[in-house]
file coords29.cif (mmCIF, C-alpha atoms)
data_query
#
loop_
_atom_site.label_atom_id
_atom_site.label_comp_id
_atom_site.auth_asym_id
_atom_site.auth_seq_id
_atom_site.Cartn_x
_atom_site.Cartn_y
_atom_site.Cartn_z
CA MET A 1 -0.34 10.29 -15.52
CA ASN A 2 -3.52 12.11 -14.55
CA GLY A 3 -5.37 8.80 -14.33
CA ILE A 4 -8.36 7.51 -12.45
CA HIS A 5 -6.02 5.75 -9.99
CA ASP A 6 -5.09 9.19 -8.59
CA LEU A 7 -8.22 9.31 -6.47
CA GLY A 8 -7.25 11.62 -3.61
CA GLY A 9 -9.78 14.43 -3.14
CA MET A 10 -12.45 13.16 -5.54
CA HIS A 11 -16.14 13.07 -4.72
CA GLY A 12 -18.91 10.84 -6.01
CA MET A 13 -17.33 7.43 -5.39
CA GLY A 14 -20.12 6.35 -3.05
CA PRO A 15 -20.20 5.08 0.53
CA ILE A 16 -17.42 3.01 2.06
CA GLU A 17 -18.64 -0.56 2.19
CA THR A 18 -17.17 -2.68 4.94
CA GLU A 19 -17.60 -6.41 5.40
CA PRO A 20 -17.55 -7.99 8.86
CA ASN A 21 -15.22 -11.00 9.15
CA GLU A 22 -13.97 -10.44 5.63
CA PRO A 23 -11.90 -13.32 4.23
CA VAL A 24 -8.36 -12.60 2.98
CA PHE A 25 -9.45 -13.71 -0.49
CA HIS A 26 -13.06 -13.86 -1.68
CA HIS A 27 -12.37 -16.41 -4.44
CA SER A 28 -9.53 -18.86 -4.83
CA TRP A 29 -8.62 -17.31 -8.22
CA GLU A 30 -7.83 -14.08 -6.37
CA SER A 31 -5.26 -15.89 -4.26
CA ARG A 32 -3.74 -17.42 -7.42
CA VAL A 33 -3.45 -13.95 -9.03
CA PHE A 34 -1.85 -12.64 -5.85
CA ALA A 35 0.72 -15.46 -5.77
CA LEU A 36 1.37 -15.61 -9.52
CA ARG A 37 2.24 -11.91 -9.59
CA ARG A 38 4.82 -12.37 -6.82
CA ALA A 39 6.26 -15.53 -8.36
CA MET A 40 6.62 -13.91 -11.79
CA GLY A 41 7.96 -10.71 -10.24
CA ALA A 42 10.86 -12.76 -8.93
CA TRP A 43 12.19 -13.01 -12.50
CA ARG A 44 13.03 -9.30 -12.12
CA ARG A 45 11.95 -8.46 -15.66
CA TRP A 46 9.88 -5.67 -14.19
CA ASN A 47 9.86 -3.88 -10.87
CA ILE A 48 7.13 -2.80 -8.46
CA ASP A 49 6.83 0.61 -10.13
CA VAL A 50 6.40 -0.91 -13.61
CA SER A 51 3.77 -3.20 -12.13
CA ARG A 52 1.89 -0.34 -10.44
CA HIS A 53 1.98 1.72 -13.62
CA GLU A 54 0.48 -1.13 -15.63
CA VAL A 55 -2.53 -1.10 -13.30
CA GLU A 56 -2.83 2.66 -13.82
CA LEU A 57 -3.05 2.01 -17.57
CA VAL A 58 -6.27 0.05 -17.17
CA PRO A 59 -8.84 2.36 -18.84
CA ALA A 60 -10.68 4.54 -16.35
CA ALA A 61 -14.15 3.07 -16.85
CA ASP A 62 -12.79 -0.47 -16.45
CA TYR A 63 -10.67 0.57 -13.47
CA LEU A 64 -13.74 1.70 -11.54
CA ARG A 65 -15.91 -1.23 -12.61
CA MET A 66 -13.36 -3.96 -11.89
CA SER A 67 -12.58 -5.40 -8.49
CA TYR A 68 -9.03 -5.02 -7.15
CA TYR A 69 -7.99 -8.49 -8.29
CA GLU A 70 -9.66 -8.12 -11.69
CA ARG A 71 -7.52 -5.02 -12.26
CA GLN A 72 -4.42 -6.85 -11.04
CA LEU A 73 -5.17 -9.74 -13.40
CA ALA A 74 -5.74 -7.50 -16.42
CA ALA A 75 -2.50 -5.59 -15.83
CA PHE A 76 -0.57 -8.79 -15.09
CA VAL A 77 -1.53 -10.44 -18.38
CA VAL A 78 -0.48 -7.34 -20.32
CA LEU A 79 2.82 -7.23 -18.45
CA LEU A 80 3.50 -10.91 -19.17
CA GLU A 81 2.99 -10.23 -22.87
CA LYS A 82 5.00 -7.01 -22.92
CA ARG A 83 7.96 -8.66 -21.21
CA GLY A 84 7.91 -11.62 -23.56
CA PHE A 85 6.82 -14.33 -21.13
CA ILE A 86 3.66 -15.31 -23.04
CA THR A 87 1.82 -14.49 -26.24
CA ARG A 88 -1.86 -13.82 -26.74
CA ALA A 89 -2.04 -17.00 -28.84
CA GLU A 90 -0.62 -19.08 -26.00
CA LEU A 91 -3.10 -17.57 -23.59
CA GLY A 92 -5.93 -18.54 -25.93
CA SER A 93 -4.76 -22.09 -26.53
CA GLY A 94 -3.22 -22.77 -23.12
CA THR A 95 -0.34 -24.47 -24.91
CA PRO A 96 3.21 -23.12 -24.88
CA VAL A 97 4.44 -22.07 -28.32
CA LEU A 98 6.97 -19.41 -27.60
CA GLN A 99 10.13 -20.79 -26.04
CA THR A 100 10.75 -18.54 -23.08
CA PRO A 101 14.45 -18.72 -22.28
CA VAL A 102 14.67 -19.87 -18.68
CA ALA A 103 18.12 -19.30 -17.29
CA VAL A 104 17.37 -20.20 -13.69
CA PRO A 105 14.59 -22.27 -12.14
CA ALA A 106 11.32 -20.61 -11.22
CA LEU A 107 10.87 -19.23 -7.72
CA ARG A 108 10.93 -22.22 -5.36
CA ALA A 109 9.00 -22.65 -2.13
CA GLU A 110 12.01 -21.88 0.08
CA GLN A 111 12.74 -18.78 -1.96
CA ALA A 112 9.14 -17.67 -1.55
CA VAL A 113 9.61 -17.91 2.22
CA GLU A 114 12.70 -15.71 1.94
CA LEU A 115 10.89 -13.22 -0.32
CA ILE A 116 8.08 -12.89 2.22
CA SER A 117 10.38 -12.50 5.22
CA LYS A 118 12.94 -10.16 3.64
CA GLY A 119 10.87 -8.26 1.13
CA VAL A 120 12.36 -6.07 -1.56
CA PRO A 121 13.75 -2.91 0.05
CA ALA A 122 13.44 0.26 -2.03
CA SER A 123 16.01 2.20 0.00
CA ARG A 124 19.47 2.66 -1.49
CA ASP A 125 22.71 3.02 0.42
CA VAL A 126 24.25 5.64 -1.82
CA PRO A 127 25.60 9.05 -0.82
CA VAL A 128 23.04 11.49 -2.17
CA ALA A 129 22.74 14.86 -0.43
CA PRO A 130 19.24 15.93 0.64
CA ARG A 131 17.98 19.06 -1.08
CA PHE A 132 15.67 19.94 1.81
CA GLN A 133 15.78 19.95 5.60
CA PRO A 134 13.10 19.21 8.21
CA GLY A 135 11.10 22.35 8.94
CA GLN A 136 11.74 23.83 5.50
CA ARG A 137 8.81 25.16 3.47
CA VAL A 138 8.51 23.50 0.08
CA ARG A 139 6.17 23.61 -2.88
CA ALA A 140 5.10 20.40 -4.60
CA ARG A 141 6.02 20.99 -8.21
CA ASN A 142 3.24 21.48 -10.73
CA ILE A 143 4.03 18.57 -13.02
CA ASN A 144 1.64 16.57 -15.19
CA PRO A 145 3.69 13.76 -16.71
CA PRO A 146 1.81 11.37 -19.01
CA GLY A 147 3.75 8.48 -17.41
CA HIS A 148 4.03 7.22 -13.84
CA THR A 149 4.42 9.56 -10.90
CA ARG A 150 3.93 9.16 -7.17
CA GLU A 151 3.16 12.86 -6.74
CA PRO A 152 -0.62 12.92 -6.46
CA ARG A 153 -2.57 15.67 -8.20
CA TYR A 154 -4.05 17.05 -5.01
CA VAL A 155 -0.68 18.34 -3.73
CA ARG A 156 0.65 19.82 -6.97
CA GLY A 157 1.40 23.51 -6.62
CA LYS A 158 0.64 23.39 -2.89
CA VAL A 159 2.99 24.54 -0.14
CA GLY A 160 3.94 22.23 2.71
CA VAL A 161 6.63 21.76 5.34
CA ILE A 162 9.22 18.99 5.46
CA HIS A 163 8.19 16.84 8.44
CA CYS A 164 11.11 14.40 8.20
CA ASP A 165 13.68 12.93 5.81
CA HIS A 166 13.16 9.17 5.29
CA GLY A 167 16.50 8.69 3.50
CA VAL A 168 17.42 7.69 -0.03
CA PHE A 169 15.02 5.60 -2.15
CA VAL A 170 14.47 4.49 -5.71
CA PHE A 171 12.57 7.11 -7.75
CA PRO A 172 9.43 5.41 -9.13
CA ASP A 173 8.77 8.09 -11.76
CA THR A 174 11.83 6.90 -13.73
CA ASN A 175 11.99 3.32 -12.48
CA ALA A 176 8.46 2.60 -13.75
CA HIS A 177 9.69 3.27 -17.28
CA PHE A 178 13.00 1.35 -17.03
CA LEU A 179 14.80 4.71 -17.00
CA GLY A 180 16.92 3.94 -13.97
CA GLU A 181 16.49 4.09 -10.21
CA LYS A 182 17.69 7.72 -9.84
CA PRO A 183 18.03 7.33 -6.03
CA GLN A 184 17.11 10.45 -4.05
CA HIS A 185 15.74 11.53 -0.69
CA VAL A 186 12.13 10.89 0.23
CA TYR A 187 10.50 13.23 2.72
CA SER A 188 7.30 13.21 4.65
CA VAL A 189 5.77 16.57 3.73
CA ARG A 190 2.97 18.02 5.83
CA PHE A 191 0.32 19.95 3.94
CA ALA A 192 -2.21 21.85 6.03
CA ALA A 193 -5.72 20.66 5.21
CA ARG A 194 -6.67 24.28 4.45
CA GLU A 195 -3.79 24.65 1.99
CA LEU A 196 -5.12 21.62 0.10
CA TRP A 197 -8.88 22.03 0.45
CA GLY A 198 -9.61 25.61 1.42
CA PRO A 199 -11.13 27.34 4.43
CA GLU A 200 -13.81 24.69 5.04
CA ALA A 201 -11.18 22.26 6.32
CA ALA A 202 -10.29 22.14 10.03
CA ALA A 203 -7.48 24.58 10.81
CA GLN A 204 -5.37 22.06 12.73
CA ASP A 205 -5.70 19.07 10.35
CA GLY A 206 -3.02 18.03 7.89
CA VAL A 207 -2.12 15.45 5.26
CA TYR A 208 1.35 13.92 5.26
CA VAL A 209 2.55 12.86 1.81
CA ASP A 210 5.82 11.07 1.01
CA LEU A 211 7.53 12.91 -1.84
CA TRP A 212 10.90 12.72 -3.53
CA ASP A 213 13.44 15.52 -4.13
CA ASP A 214 12.37 15.76 -7.78
CA HIS A 215 8.77 16.49 -6.71
CA LEU A 216 9.71 19.49 -4.61
CA GLU A 217 11.03 23.05 -4.91
CA PRO A 218 11.83 25.65 -2.25
CA ALA A 219 8.87 27.83 -1.27
CA MET B 1 -2.32 5.85 -24.91
CA SER B 2 -2.18 3.80 -28.11
CA ARG B 3 -5.10 1.95 -29.67
CA THR B 4 -3.34 -1.35 -29.13
CA HIS B 5 -3.09 -0.66 -25.46
CA ASP B 6 -6.77 0.07 -25.09
CA ASP B 7 -7.49 -3.20 -26.81
CA ASP B 8 -5.21 -5.02 -24.40
CA HIS B 9 -7.32 -4.00 -21.45
CA GLN B 10 -10.76 -3.91 -22.96
CA ASP B 11 -12.17 -7.20 -21.82
CA VAL B 12 -13.27 -7.49 -18.24
CA PRO B 13 -12.78 -11.19 -17.54
CA SER B 14 -16.19 -12.81 -17.69
CA ASP B 15 -14.95 -15.82 -15.79
CA PRO B 16 -11.75 -14.89 -14.07
CA ALA B 17 -11.54 -18.29 -12.37
CA LEU B 18 -11.17 -20.06 -15.73
CA ARG B 19 -8.81 -17.43 -17.11
CA VAL B 20 -6.54 -17.61 -14.09
CA LYS B 21 -6.52 -21.40 -14.15
CA ALA B 22 -5.47 -21.35 -17.81
CA LEU B 23 -2.84 -18.70 -17.17
CA GLU B 24 -1.38 -20.62 -14.24
CA SER B 25 -1.23 -23.86 -16.25
CA LEU B 26 0.54 -22.05 -19.07
CA LEU B 27 3.13 -20.48 -16.78
CA VAL B 28 3.75 -23.81 -15.06
CA ALA B 29 4.08 -25.61 -18.42
CA LYS B 30 6.65 -23.04 -19.48
CA GLY B 31 8.70 -23.61 -16.34
CA LEU B 32 8.13 -20.05 -15.19
CA VAL B 33 6.20 -20.86 -12.03
CA ASP B 34 6.56 -23.54 -9.37
CA ARG B 35 3.21 -24.29 -7.75
CA ALA B 36 4.87 -25.04 -4.40
CA ALA B 37 5.96 -21.39 -4.24
CA LEU B 38 2.42 -20.22 -4.99
CA ASP B 39 1.10 -22.37 -2.17
CA VAL B 40 3.61 -20.91 0.27
CA LEU B 41 2.63 -17.36 -0.69
CA ILE B 42 -1.10 -18.02 -0.36
CA ASP B 43 -0.87 -20.03 2.84
CA THR B 44 1.30 -17.36 4.48
CA TYR B 45 -1.12 -14.50 3.84
CA GLU B 46 -4.27 -16.54 4.41
CA HIS B 47 -3.19 -18.16 7.65
CA LYS B 48 0.05 -16.81 9.10
CA ILE B 49 0.39 -13.06 8.58
CA GLY B 50 -2.47 -10.84 9.70
CA PRO B 51 -3.55 -8.15 12.15
CA ARG B 52 -2.74 -10.34 15.16
CA ASN B 53 0.91 -9.45 14.43
CA GLY B 54 0.21 -5.74 14.65
CA ALA B 55 -1.90 -6.28 17.76
CA ARG B 56 1.10 -7.85 19.50
CA VAL B 57 3.25 -4.85 18.54
CA VAL B 58 0.65 -2.44 19.92
CA ALA B 59 0.18 -4.42 23.14
CA ARG B 60 3.94 -4.53 23.70
CA ALA B 61 4.14 -0.77 23.21
CA TRP B 62 1.33 -0.23 25.73
CA ALA B 63 2.95 -2.54 28.26
CA ASP B 64 6.57 -1.48 27.85
CA PRO B 65 7.40 2.26 27.61
CA ALA B 66 10.97 1.56 26.46
CA TYR B 67 9.65 -0.60 23.62
CA LYS B 68 7.16 2.10 22.68
CA LYS B 69 9.96 4.63 22.44
CA ARG B 70 11.94 2.32 20.15
CA LEU B 71 8.82 1.65 18.07
CA LEU B 72 8.19 5.34 17.48
CA THR B 73 11.81 6.14 16.63
CA ASP B 74 12.97 3.01 14.76
CA ALA B 75 9.88 1.05 13.81
CA ASP B 76 11.68 -1.49 11.60
CA ALA B 77 13.97 -2.65 14.40
CA ALA B 78 11.26 -2.63 17.07
CA ILE B 79 8.81 -4.60 14.93
CA ALA B 80 11.57 -7.06 14.02
CA GLU B 81 12.09 -7.68 17.75
CA LEU B 82 8.75 -9.50 17.66
CA GLY B 83 9.77 -11.37 14.52
CA TYR B 84 7.82 -9.36 11.95
CA ALA B 85 9.42 -7.96 8.80
CA GLY B 86 9.44 -8.38 5.07
CA MET B 87 7.38 -7.84 1.98
CA GLN B 88 5.46 -4.53 1.96
CA GLY B 89 6.79 -3.67 5.38
CA GLU B 90 10.43 -3.07 4.50
CA HIS B 91 10.28 0.54 5.73
CA MET B 92 7.87 1.00 8.63
CA VAL B 93 6.67 4.14 10.38
CA VAL B 94 4.50 4.04 13.50
CA VAL B 95 2.36 7.07 14.36
CA GLU B 96 0.84 7.50 17.81
CA ASN B 97 -2.73 8.47 18.62
CA THR B 98 -3.17 10.62 21.73
CA ALA B 99 -6.03 12.49 23.37
CA THR B 100 -5.37 15.38 20.97
CA ILE B 101 -3.98 13.70 17.80
CA HIS B 102 -5.73 11.15 15.60
CA ASN B 103 -3.86 9.44 12.75
CA LEU B 104 -5.43 7.85 9.67
CA VAL B 105 -3.61 5.83 6.99
CA VAL B 106 -4.54 5.66 3.31
CA CYS B 107 -2.96 5.00 -0.08
CA THR B 108 -4.72 7.31 -2.54
CA LEU B 109 -2.71 6.09 -5.57
CA CYS B 110 -2.99 2.32 -5.13
CA SER B 111 -3.40 0.13 -2.05
CA CYS B 112 -0.15 0.27 -0.06
CA TYR B 113 -0.57 -1.32 3.36
CA PRO B 114 1.82 -2.74 6.01
CA TRP B 115 1.56 -6.46 5.25
CA PRO B 116 3.89 -7.93 7.90
CA VAL B 117 1.85 -6.41 10.74
CA LEU B 118 -1.67 -6.24 9.25
CA GLY B 119 -1.71 -8.84 6.47
CA LEU B 120 -3.39 -8.03 3.17
CA PRO B 121 -5.77 -5.05 3.16
CA PRO B 122 -9.57 -5.37 3.25
CA VAL B 123 -11.58 -4.47 0.15
CA TRP B 124 -12.77 -1.13 1.57
CA TYR B 125 -9.16 0.06 2.05
CA LYS B 126 -8.48 -0.61 -1.66
CA SER B 127 -11.75 0.93 -2.81
CA ALA B 128 -12.33 4.25 -4.57
CA PRO B 129 -14.66 5.63 -1.85
CA TYR B 130 -12.03 5.31 0.90
CA ARG B 131 -9.03 6.30 -1.21
CA SER B 132 -10.76 9.40 -2.61
CA ARG B 133 -12.23 10.80 0.60
CA ALA B 134 -9.72 9.91 3.33
CA VAL B 135 -7.55 12.91 2.42
CA ILE B 136 -10.24 15.52 1.71
CA ASP B 137 -12.77 14.55 4.37
CA PRO B 138 -11.10 12.37 7.01
CA ARG B 139 -13.58 13.42 9.69
CA GLY B 140 -16.49 12.41 7.46
CA VAL B 141 -14.82 9.07 6.70
CA LEU B 142 -14.31 8.45 10.40
CA ARG B 143 -17.96 9.26 11.11
CA GLU B 144 -18.88 6.69 8.48
CA PHE B 145 -16.88 4.18 10.53
CA GLY B 146 -18.79 5.29 13.63
CA LEU B 147 -16.06 7.47 15.10
CA ALA B 148 -16.93 11.11 15.80
CA LEU B 149 -13.86 13.16 16.71
CA ALA B 150 -14.02 16.33 18.77
CA ASP B 151 -13.36 19.54 16.83
CA THR B 152 -10.31 20.15 19.00
CA VAL B 153 -8.55 16.94 17.93
CA GLU B 154 -5.87 17.27 15.25
CA VAL B 155 -6.31 14.81 12.40
CA ARG B 156 -3.19 13.62 10.62
CA VAL B 157 -3.74 11.68 7.41
CA TRP B 158 -0.79 9.65 6.11
CA ASP B 159 -0.89 9.03 2.35
CA SER B 160 1.38 6.06 1.56
CA THR B 161 2.77 7.49 -1.69
CA ALA B 162 6.27 6.00 -1.24
CA GLU B 163 7.58 2.69 0.15
CA LEU B 164 7.08 3.77 3.75
CA ARG B 165 4.31 1.76 5.39
CA TYR B 166 2.31 3.21 8.26
CA LEU B 167 0.89 1.62 11.40
CA VAL B 168 -1.22 3.56 13.88
CA LEU B 169 -0.45 3.02 17.57
CA PRO B 170 -3.92 3.47 19.08
CA GLU B 171 -4.59 4.92 22.52
CA ARG B 172 -4.68 2.40 25.31
CA PRO B 173 -8.24 2.24 26.64
CA ALA B 174 -8.92 3.33 30.20
CA GLY B 175 -9.41 0.58 32.74
CA THR B 176 -6.83 -1.77 31.26
CA GLN B 177 -3.93 -0.99 33.60
CA HIS B 178 -4.21 -4.41 35.25
CA MET B 179 -4.04 -6.29 31.97
CA HIS B 180 -1.09 -8.24 30.67
CA GLU B 181 0.30 -7.89 27.17
CA SER B 182 -1.46 -10.96 25.79
CA GLU B 183 -4.81 -9.80 27.19
CA LEU B 184 -4.30 -6.37 25.64
CA ALA B 185 -3.37 -7.81 22.25
CA ALA B 186 -6.64 -9.75 22.13
CA PHE B 187 -8.78 -6.65 21.62
CA VAL B 188 -6.56 -4.50 19.39
CA THR B 189 -8.32 -4.38 16.01
CA ARG B 190 -7.11 -3.99 12.46
CA ASP B 191 -9.33 -0.93 12.01
CA ALA B 192 -7.74 0.78 15.02
CA MET B 193 -4.27 0.19 13.54
CA VAL B 194 -5.36 1.80 10.24
CA GLY B 195 -6.88 4.66 12.21
CA VAL B 196 -10.57 4.26 11.33
CA ALA B 197 -11.51 3.15 14.85
CA LYS B 198 -10.44 3.42 18.45
CA VAL B 199 -9.64 0.47 20.63
CA THR B 200 -12.39 -0.46 23.04
CA ALA B 201 -11.66 -2.55 26.11
CA PRO B 202 -13.94 -5.59 26.50
CA HIS B 203 -15.64 -4.24 29.61
CA GLY B 204 -14.70 -0.59 29.47
CA ASP B 205 -15.28 2.64 27.65
CA PRO B 206 -13.51 3.68 24.47
CA ALA B 207 -10.33 5.60 25.13
#

call {"tool": "encode", "arguments": {"input": "coords29.cif", "output": "structure tokens"}}
result
Amino acid sequence: MNGIHDLGGMHGMGPIETEPNEPVFHHSWESRVFALRRAMGAWRRWNIDVSRHEVELVPAADYLRMSYYERQLAAFVVLLEKRGFITRAELGSGTPVLQTPVAVPALRAEQAVELISKGVPASRDVPVAPRFQPGQRVRARNINPPGHTREPRYVRGKVGVIHCDHGVFVFPDTNAHFLGEKPQHVYSVRFAARELWGPEAAAQDGVYVDLWDDHLEPA
Amino acid sequence: MSRTHDDDHQDVPSDPALRVKALESLLVAKGLVDRAALDVLIDTYEHKIGPRNGARVVARAWADPAYKKRLLTDADAAIAELGYAGMQGEHMVVVENTATIHNLVVCTLCSCYPWPVLGLPPVWYKSAPYRSRAVIDPRGVLREFGLALADTVEVRVWDSTAELRYLVLPERPAGTQHMHESELAAFVTRDAMVGVAKVTAPHGDPA
């Protein structure tokens, strides 16, 4: 979707504000949101792409006004409702009404340790042939899907060169909508800064963007 | 976008602390969340995983050319040699700064960041100003961080649009040849490993 989250290349967002000796979390509720999202994610009723897309659906004005963890919280609550974990009424009363069928126990401490140390790999060991080779010129397809895509607006229609092939990965554009993993090759594609931004950019500079086979066409 | 959906998101939480507390209690009461797991997650990222991990990787690469070669060709395996791996670092790529190449990492679409080696990202990395301008004006962004690059340097910006996570291997500062790995690791900063700064030796000049 052409949402506010797709920020690359925009102006007018103000200065970059850094904070010396910044804490990991600024409020304890932020740490709870962080942990709750991981713990609930372990139920596998959504995936990372669904979760990212839900944040993108936060209305643009709210998205810019909210802090990172406020956005995460807003999207998380919606996701919990959409996936049938809680109802709005329960959230208001704080009392469980809906019987959520729990087939296995919630994520336990030792499983959290394993989740942290092993992660959730997005690569897939399936034989899918690459459509492009390193060194090949490609064009980022001009697509404007209303749903989730990891092809940012600023590369669409632009010509780049395949820098390297990272291997086969889940395709977020379908996975975010529960339409399957559609595993395919991901490439690092180098776009010259001048191709993206015009003659004002430095001739030697470039932006490397990770794109999937479905985002690219021969150029 | 439907009307219902807009409504879902309309309220900015006035008191997120209370809302989160209520939400957590509800999820615990429903048997969906075990608080011990939450504590492990929070404690790990507050106290155990942070930029000191990445600093050790960088220092090892500076001290050991064979390790550096492995790090640049198979980052996952090389980083795992030091015991670091896992969530949001499942697929690592390390890019090397030199006298003529400067690398900068961003995630324009969300806030992707290499957790096992740098911990959770600072607010500025997740903010609209950094995410919007890092790709269109990296030299201006770097100046904002106090780093003026020569016109002859090639800037490479890495936009973390997939599940690859990027770590910058900064240049080793001059005058540190006598230093051991642990001494080197002590002054490698988070900002240098994101690419918004260079590493400065304690009593030397920036590289």

call {"tool": "closest_atom_pairs", "arguments": {"input": "coords29.cif", "of": "stretch 92-146 of chain B", "to": "stretch 195-198 of chain B", "cutoff": "10 Å", "atoms": "all atoms listed in the file", "output": "JSON lines"}}
result
{"residue": "B:Val95", "atom": "CA", "partner": "B:Gly195", "partner_atom": "CA", "distance": 9.8}
{"residue": "B:Glu96", "atom": "CA", "partner": "B:Gly195", "partner_atom": "CA", "distance": 10.0}
{"residue": "B:Asn97", "atom": "CA", "partner": "B:Gly195", "partner_atom": "CA", "distance": 8.5}
{"residue": "B:His102", "atom": "CA", "partner": "B:Gly195", "partner_atom": "CA", "distance": 7.4}
{"residue": "B:Asn103", "atom": "CA", "partner": "B:Gly195", "partner_atom": "CA", "distance": 5.7}
{"residue": "B:Leu104", "atom": "CA", "partner": "B:Gly195", "partner_atom": "CA", "distance": 4.3}
{"residue": "B:Val105", "atom": "CA", "partner": "B:Gly195", "partner_atom": "CA", "distance": 6.3}
{"residue": "B:Val106", "atom": "CA", "partner": "B:Gly195", "partner_atom": "CA", "distance": 9.3}
{"residue": "B:Ala134", "atom": "CA", "partner": "B:Val196", "partner_atom": "CA", "distance": 9.8}
{"residue": "B:Pro138", "atom": "CA", "partner": "B:Val196", "partner_atom": "CA", "distance": 9.2}
{"residue": "B:Arg139", "atom": "CA", "partner": "B:Val196", "partner_atom": "CA", "distance": 9.8}
{"residue": "B:Val141", "atom": "CA", "partner": "B:Val196", "partner_atom": "CA", "distance": 7.9}
{"residue": "B:Leu142", "atom": "CA", "partner": "B:Val196", "partner_atom": "CA", "distance": 5.7}
{"residue": "B:Arg143", "atom": "CA", "partner": "B:Val196", "partner_atom": "CA", "distance": 8.9}
{"residue": "B:Glu144", "atom": "CA", "partner": "B:Val196", "partner_atom": "CA", "distance": 9.1}
{"residue": "B:Phe145", "atom": "CA", "partner": "B:Val196", "partner_atom": "CA", "distance": 6.4}
{"residue": "B:Gly146", "atom": "CA", "partner": "B:Ala197", "partner_atom": "CA", "distance": 7.7}

call {"tool": "write_last_selection", "arguments": {"input": "coords29.cif", "atoms": "C-alpha atoms", "output": "short mmCIF file (atom, residue, chain, number, x, y, z; two decimals), keeping the file's coordinate frame"}}
result
data_model
loop_
_atom_site.label_atom_id
_atom_site.label_comp_id
_atom_site.auth_asym_id
_atom_site.auth_seq_id
_atom_site.Cartn_x
_atom_site.Cartn_y
_atom_site.Cartn_z
CA VAL B 95 2.36 7.07 14.36
CA GLU B 96 0.84 7.50 17.81
CA ASN B 97 -2.73 8.47 18.62
CA HIS B 102 -5.73 11.15 15.60
CA ASN B 103 -3.86 9.44 12.75
CA LEU B 104 -5.43 7.85 9.67
CA VAL B 105 -3.61 5.83 6.99
CA VAL B 106 -4.54 5.66 3.31
CA ALA B 134 -9.72 9.91 3.33
CA PRO B 138 -11.10 12.37 7.01
CA ARG B 139 -13.58 13.42 9.69
CA VAL B 141 -14.82 9.07 6.70
CA LEU B 142 -14.31 8.45 10.40
CA ARG B 143 -17.96 9.26 11.11
CA GLU B 144 -18.88 6.69 8.48
CA PHE B 145 -16.88 4.18 10.53
CA GLY B 146 -18.79 5.29 13.63
#

call {"tool": "residues_around", "arguments": {"input": "coords29.cif", "residues": "A:Val138", "least_positions_apart": "4", "cutoff": "10 Å", "atoms": "all atoms listed in the file", "output": "ChimeraX atom specification"}}
result
/A:132-133,157-162,189-191,215-219

call {"tool": "resolve_selection", "arguments": {"input": "coords29.cif", "expression": "the PyMOL selection byres ((chain A and resi 51) around 12)", "output": "PyMOL selection string"}}
result
(chain A and resi 37-38+40-41+44-50+52-58+71-80+82-83+148+172+175-178) or (chain B and resi 110)

call {"tool": "residues_around", "arguments": {"input": "coords29.cif", "residues": "A:Glu195", "least_positions_apart": "6", "cutoff": "12 Å", "atoms": "all atoms listed in the file", "output": "count of residues only"}}
result
18

call {"tool": "resolve_selection", "arguments": {"input": "coords29.cif", "expression": "the PyMOL selection byres ((chain B) within 7 of (chain A))", "output": "PyMOL selection string"}}
result
chain B and resi 6+8-9+17+20+22-23+26+29-34+36-38+40-42+46+85-88+90+108-110+120+124+128-133+135-136+154-163

call {"tool": "atom_distance", "arguments": {"input": "coords29.cif", "atom1": "atom CA of B:Trp62", "atom2": "atom CA of A:His163"}}
result
25.2 Å

call {"tool": "atom_distance", "arguments": {"input": "coords29.cif", "atom1": "atom CA of B:Val117", "atom2": "atom CA of B:Asn53"}}
result
4.9 Å

call {"tool": "closest_residue", "arguments": {"input": "coords29.cif", "among": "B:Leu27, B:Val123, B:Leu147, B:Ala61", "to": "A:Thr87", "atoms": "all atoms listed in the file"}}
result
B:Leu27

call {"tool": "closest_atom_pairs", "arguments": {"input": "coords29.cif", "of": "stretch 150-173 of chain B", "to": "stretch 183-191 of chain B", "cutoff": "10 Å", "atoms": "all atoms listed in the file", "output": "Markdown table"}}
result
| residue | atom | partner | partner_atom | distance |
| --- | --- | --- | --- | --- |
| B:Leu167 | CA | B:Arg190 | CA | 9.8 |
| B:Val168 | CA | B:Asp191 | CA | 9.5 |
| B:Leu169 | CA | B:Val188 | CA | 9.9 |
| B:Pro170 | CA | B:Val188 | CA | 8.4 |
| B:Arg172 | CA | B:Leu184 | CA | 8.8 |
| B:Pro173 | CA | B:Leu184 | CA | 9.5 |

call {"tool": "atom_distance", "arguments": {"input": "coords29.cif", "atom1": "atom CA of B:Ser25", "atom2": "atom CA of B:Tyr45"}}
result
22.2 Å

call {"tool": "build_atoms", "arguments": {"input": "coords29.cif", "residues": "stretch 79-83 of chain A", "atoms": "N, CA and C atoms", "output": "mmCIF file, in the frame of the given file"}}
result
data_model
loop_
_atom_site.group_PDB
_atom_site.id
_atom_site.type_symbol
_atom_site.label_atom_id
_atom_site.label_comp_id
_atom_site.auth_asym_id
_atom_site.auth_seq_id
_atom_site.Cartn_x
_atom_site.Cartn_y
_atom_site.Cartn_z
ATOM 1 N N LEU A 79 1.403 -7.277 -18.808
ATOM 2 C CA LEU A 79 2.820 -7.230 -18.450
ATOM 3 C C LEU A 79 3.545 -8.504 -18.900
ATOM 4 N N LEU A 80 2.903 -9.646 -18.736
ATOM 5 C CA LEU A 80 3.500 -10.910 -19.170
ATOM 6 C C LEU A 80 3.751 -10.906 -20.671
ATOM 7 N N GLU A 81 2.813 -10.322 -21.413
ATOM 8 C CA GLU A 81 2.990 -10.230 -22.870
ATOM 9 C C GLU A 81 4.092 -9.236 -23.219
ATOM 10 N N LYS A 82 4.014 -8.059 -22.613
ATOM 11 C CA LYS A 82 5.000 -7.010 -22.920
ATOM 12 C C LYS A 82 6.426 -7.460 -22.647
ATOM 13 N N ARG A 83 6.607 -8.246 -21.589
ATOM 14 C CA ARG A 83 7.960 -8.660 -21.210
ATOM 15 C C ARG A 83 8.350 -9.991 -21.846
#
